[in-house]
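**Q** For reference, the structure I am asking about is given below.
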Amino acid sequence: MSVVHIVGAGLAGLAAAVRLAGAGRQIALYEAANHAGGRCRSYVDATLGKRVDNGNHLLFRGNREAFGYLKTIGAVDRFLCPNEPAFPFVDLESGDRWVVRPSGLVPWWVFSSSRRIPGTKPADYLAALRLFVAKRDATIAETFADGGLLYRYFWEPLAVASLNTSAERGAVRLLLPVVLRIFGKGSEAARPMIARDGLSESFVDPALNYLQQKGGQLHFTHRLRAVAFADGRVSGLDFGTRRVVFGEKDRLILAVPPANAGDLLPGLATPKEAEPILNAHFDLPEVPSWPHEAPFVGVIGGLAQWVFLRGRIASVTVSAAADHIDKTPEELVPKLWEDVAQALQVTSSSPPPCRILKERRATFSQTPAALLLRPKTRTQYANLFLAGDWTDTGLPATIEGAIFSGHRAAKAAMQLS
């Protein structure tokens with residue numbers, strides 16, 4: 001029986017493996033680390049003595065690829081999902097608070113002052129039409145240059161969170177699929193989903209259990225050193241202490257970061273510039289009173305951009321964090337805590353225990369120029385396929401994009417005769 005070899009057990013590799021195993025294909029999954037999940041995982045932090053996620057991720061019911069993946073591995077019930085879409089925000093400069101409540105296929109909610117962003121008018125939301133006519137090399141800031149309050153309170157936060165690239169540099173064409181999947185499919189699609197216990201418990205562990213039940217071969221601490229080729233096909237894999245020889249019908253899905261893929265496949269063009277993400281976890285002295293069903297709040301006018309609340313742990317995300325990534329915890333913690341305390345309306349004169357996490361190469365820089373370097377799923381080698389949020393999915397480098405890339409690579413591998 002032929003085997004589909006998948007190198008990389010991040011979400012792209014896991015999604016490909018789950019799709020293939022579910023279709024009855026034999027898979028072998030290899031991962032350089034001793035755990036799966038890549039950037040999407042949980043661990044016990046020694047500083048806090050608590051289990052935390054290495055980053056914060058917000059899904060939506062409209063993320064159909066991710067939602068389908070969760071249904072397959074039986075993990076949909078491992079997420080908190082408000083009954084209705086609700087997005088709390090606070091402006092730290094003015095102290096204003098509001099909740100955006102989109103609903104319905106027809107965006108009638110923009111005509112309700114209690115549902116839309118305060119200070120905006122229904123006509124302001126017509127700016128969304130610019131996404132359909134924007135030039136391919138346009139940035140978000142260029143497209144919404146005269147956006148005013150709606151730009152500051154909606155377009156810019158949405159863009160930075162989705163692309164992990166500043167609005168001045170981010171490619172606007174990546175924002176359209178985000179808006180369509182979240183706000184263009186009705187209120188059900190806009191319902192946010194937060195991992196109830198942790199990223200590993202929600203995305204990773206159920207997938208590994210599923211693969212084991214399907215007879216998949218899982219190999220950790222296997223770092224791929226080289227790929228062997230013969231007659232326009234992959235003929236084998238070199239893991240240093242182990243070599244794998246391909247059968248005639250074996251296939252390879254390479255689901256590793258772009259820099260690794262470029263090293264393994266000479267001549268492969270990949271996005272080179274990367275963007276960092278800064279995260280912080282605060283262990284609060286007690287569970288704060290929170291009036292909203294959605295366990296998060298968007299922050300305007302501070303260093304913090306989003307604050308997620310899970311029990312006593314308040315987790316902060318700062319996307320496109322190049323200006324802050326080299327700062328010390330001593331510089332970051334007081335400022336971040338000031339933002340968190342105000343956002344959650346917590347009274348405290350000094351920061352509680354905190355863990356700062358830095359991902360210097362969290363995603364590729366999603367600029368118009370970089371999009372031209374995203375490679376296709378299929379390669380010049382007949383039995384080699386690429387997966388990863390950096391490949392040409394048409395989506396931003398998010399969980400949805402990573403899972404979609406895995407599904408697309410699995411489909412291509414199964415189509416090979």
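Letters A, B, ... go to the chains of the structure tokens in the order shown; residues in each chain start at 1; ligands are counted from 1 in the same order.
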Enumerate as an MDAnalysis selection string all residues of segment 175-347 of chain A assigned to alpha helix (DSSP H) by DSSP on the backbone, naming them with the chain letters and numbers the document uses.
**A** chainID A and resid 175:183 199 205:213 258:264 329:344
**Q** Find the spatial neighbours of segment 103-117 of chain A, counting only C-alpha atoms, within a cut-off of 12 Å - ignore same-chain residues fewer than 6 positions away - and output them as a PyMOL selection string.
**A** chain A and resi 83-91+96-97+123-126+128+149-155+180-191
**Q** At a cut-off of 7 Å, using only C-alpha atoms, what residues contact segment 322-329 of chain A? Leave out same-chain residues fewer than 3 positions from it and give the result as an MDAnalysis selection string.
**A** chainID A and resid 275:276 278 332:333 356 358
**Q** Could I get the residues of segment 230-331 of chain A with an atom no further than 12 Å from an atom of segment 197-217 of chain A, each paired with its nearest atom pair and that distance in Å to one decimal, using only C-alpha atoms, sorted by chain and residue number, as a tab-separated table?
**A**
residue	atom	partner	partner_atom	distance
A:Leu309	CA	A:Asp197	CA	11.5
A:Arg310	CA	A:Asp197	CA	8.2
A:Gly311	CA	A:Asp197	CA	10.0
A:Ile313	CA	A:Asp197	CA	11.5
**Q** Give the answer as one residue: which of A:Asn164, A:Thr120, A:Thr317, A:Gln26 has the shortest atom-to-atom distance to Val340 of chain A, using only C-alpha atoms?
**A**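 The closest residue to Val340 of chain A is A:Thr317.
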**Q** To one decimal place in Å, what is the distance between atom CA of Ala16 of chain A and atom CA of Tyr381 of chain A?
**A**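 So the two atoms, atom CA of Ala16 of chain A and atom CA of Tyr381 of chain A, lie 18.4 Å apart.
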**Q** Find the distance between atom CA of Val18 of chain A and atom CA of Gly55 of chain A and write it in Å to one decimal.
**A** 23.2 Å
**Q** Run DSSP on the backbone and give me the residues of segment 127-316 of chain A it puts in strand (DSSP E), as a PyMOL selection string.
**A** chain A and resi 192-195+217-219+226-230+233-238+243-245+251-254+274-283+296-300+306-310+313-316
**Q** Please produce an output containing C-alpha atoms for each residue in the selection, written as a PDB file, in the first residue's frame.
**A**
ATOM      1  CA  PRO A 192     -16.171  33.755  17.907  1.00  0.00           C
ATOM      2  CA  MET A 193     -14.614  30.531  19.201  1.00  0.00           C
ATOM      3  CA  ILE A 194     -12.048  30.392  22.018  1.00  0.00           C
ATOM      4  CA  ALA A 195     -10.227  27.234  23.122  1.00  0.00           C
ATOM      5  CA  GLN A 217       2.502   6.330  11.976  1.00  0.00           C
ATOM      6  CA  LEU A 218       3.721   9.175  14.194  1.00  0.00           C
ATOM      7  CA  HIS A 219       7.435   9.927  14.448  1.00  0.00           C
ATOM      8  CA  ALA A 226      17.600  16.149   2.996  1.00  0.00           C
ATOM      9  CA  VAL A 227      15.160  15.051   0.313  1.00  0.00           C
ATOM     10  CA  ALA A 228      16.364  12.662  -2.389  1.00  0.00           C
ATOM     11  CA  PHE A 229      15.067  12.947  -5.954  1.00  0.00           C
ATOM     12  CA  ALA A 230      15.122  10.689  -8.998  1.00  0.00           C
ATOM     13  CA  ARG A 233      10.053  12.541  -8.160  1.00  0.00           C
ATOM     14  CA  VAL A 234      10.916  12.297  -4.485  1.00  0.00           C
ATOM     15  CA  SER A 235      12.728   9.028  -3.923  1.00  0.00           C
ATOM     16  CA  GLY A 236      13.569   9.194  -0.242  1.00  0.00           C
ATOM     17  CA  LEU A 237      13.978  11.160   2.978  1.00  0.00           C
ATOM     18  CA  ASP A 238      17.100  11.526   5.122  1.00  0.00           C
ATOM     19  CA  ARG A 243      16.493   7.020   5.927  1.00  0.00           C
ATOM     20  CA  VAL A 244      13.155   6.365   4.266  1.00  0.00           C
ATOM     21  CA  VAL A 245      13.078   4.932   0.760  1.00  0.00           C
ATOM     22  CA  ARG A 251       4.004  10.850  -1.873  1.00  0.00           C
ATOM     23  CA  LEU A 252       5.455  13.637   0.270  1.00  0.00           C
ATOM     24  CA  ILE A 253       3.710  16.622   1.816  1.00  0.00           C
ATOM     25  CA  LEU A 254       6.247  19.109   3.096  1.00  0.00           C
ATOM     26  CA  ALA A 274       8.964  37.707   8.894  1.00  0.00           C
ATOM     27  CA  GLU A 275       6.824  39.517  11.448  1.00  0.00           C
ATOM     28  CA  PRO A 276       6.943  38.976  15.230  1.00  0.00           C
ATOM     29  CA  ILE A 277       4.139  38.545  17.739  1.00  0.00           C
ATOM     30  CA  LEU A 278       4.423  39.479  21.394  1.00  0.00           C
ATOM     31  CA  ASN A 279       2.276  37.685  23.987  1.00  0.00           C
ATOM     32  CA  ALA A 280       2.006  38.088  27.740  1.00  0.00           C
ATOM     33  CA  HIS A 281       0.220  35.980  30.360  1.00  0.00           C
ATOM     34  CA  PHE A 282      -0.779  37.576  33.675  1.00  0.00           C
ATOM     35  CA  ASP A 283      -1.776  35.421  36.657  1.00  0.00           C
ATOM     36  CA  PHE A 296     -11.955  38.775  25.306  1.00  0.00           C
ATOM     37  CA  VAL A 297     -11.760  42.490  24.622  1.00  0.00           C
ATOM     38  CA  GLY A 298     -10.229  44.503  21.810  1.00  0.00           C
ATOM     39  CA  VAL A 299      -8.013  47.327  23.028  1.00  0.00           C
ATOM     40  CA  ILE A 300      -7.610  50.618  21.174  1.00  0.00           C
ATOM     41  CA  TRP A 306      -6.388  42.058  22.528  1.00  0.00           C
ATOM     42  CA  VAL A 307      -6.874  40.667  26.026  1.00  0.00           C
ATOM     43  CA  PHE A 308      -8.203  37.123  26.449  1.00  0.00           C
ATOM     44  CA  LEU A 309      -9.549  35.945  29.775  1.00  0.00           C
ATOM     45  CA  ARG A 310      -9.471  32.295  30.894  1.00  0.00           C
ATOM     46  CA  ILE A 313      -5.093  34.061  33.359  1.00  0.00           C
ATOM     47  CA  ALA A 314      -5.317  37.259  31.321  1.00  0.00           C
ATOM     48  CA  SER A 315      -3.445  36.810  28.035  1.00  0.00           C
ATOM     49  CA  VAL A 316      -2.341  39.728  25.880  1.00  0.00           C
TER      50      VAL A 316
END
**Q** So that I can see what lies close to segment 141-143 of chain A, please list as a PyMOL selection string the residues with an atom at most 12 Å from it, counting only C-alpha atoms and leaving out residues fewer than 2 positions away in the same chain.
**A** chain A and resi 127-139+145-148+151-152+155-157+159-160+165-173+175-176+367
**Q** Pick out the closest residue to Val318 of chain A from this set: A:Ala409, A:Ala343, A:Ala161, A:Ala261. Count only C-alpha atoms.
**A**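 Selected residue with least distance to Val318 of chain A: A:Ala161.
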**Q** Please compute the atom CA of Leu373 of chain A-atom CA of Arg223 of chain A distance, one decimal, in Å.
**A**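 Going from atom CA of Leu373 of chain A over to atom CA of Arg223 of chain A, I get 25.0 Å.
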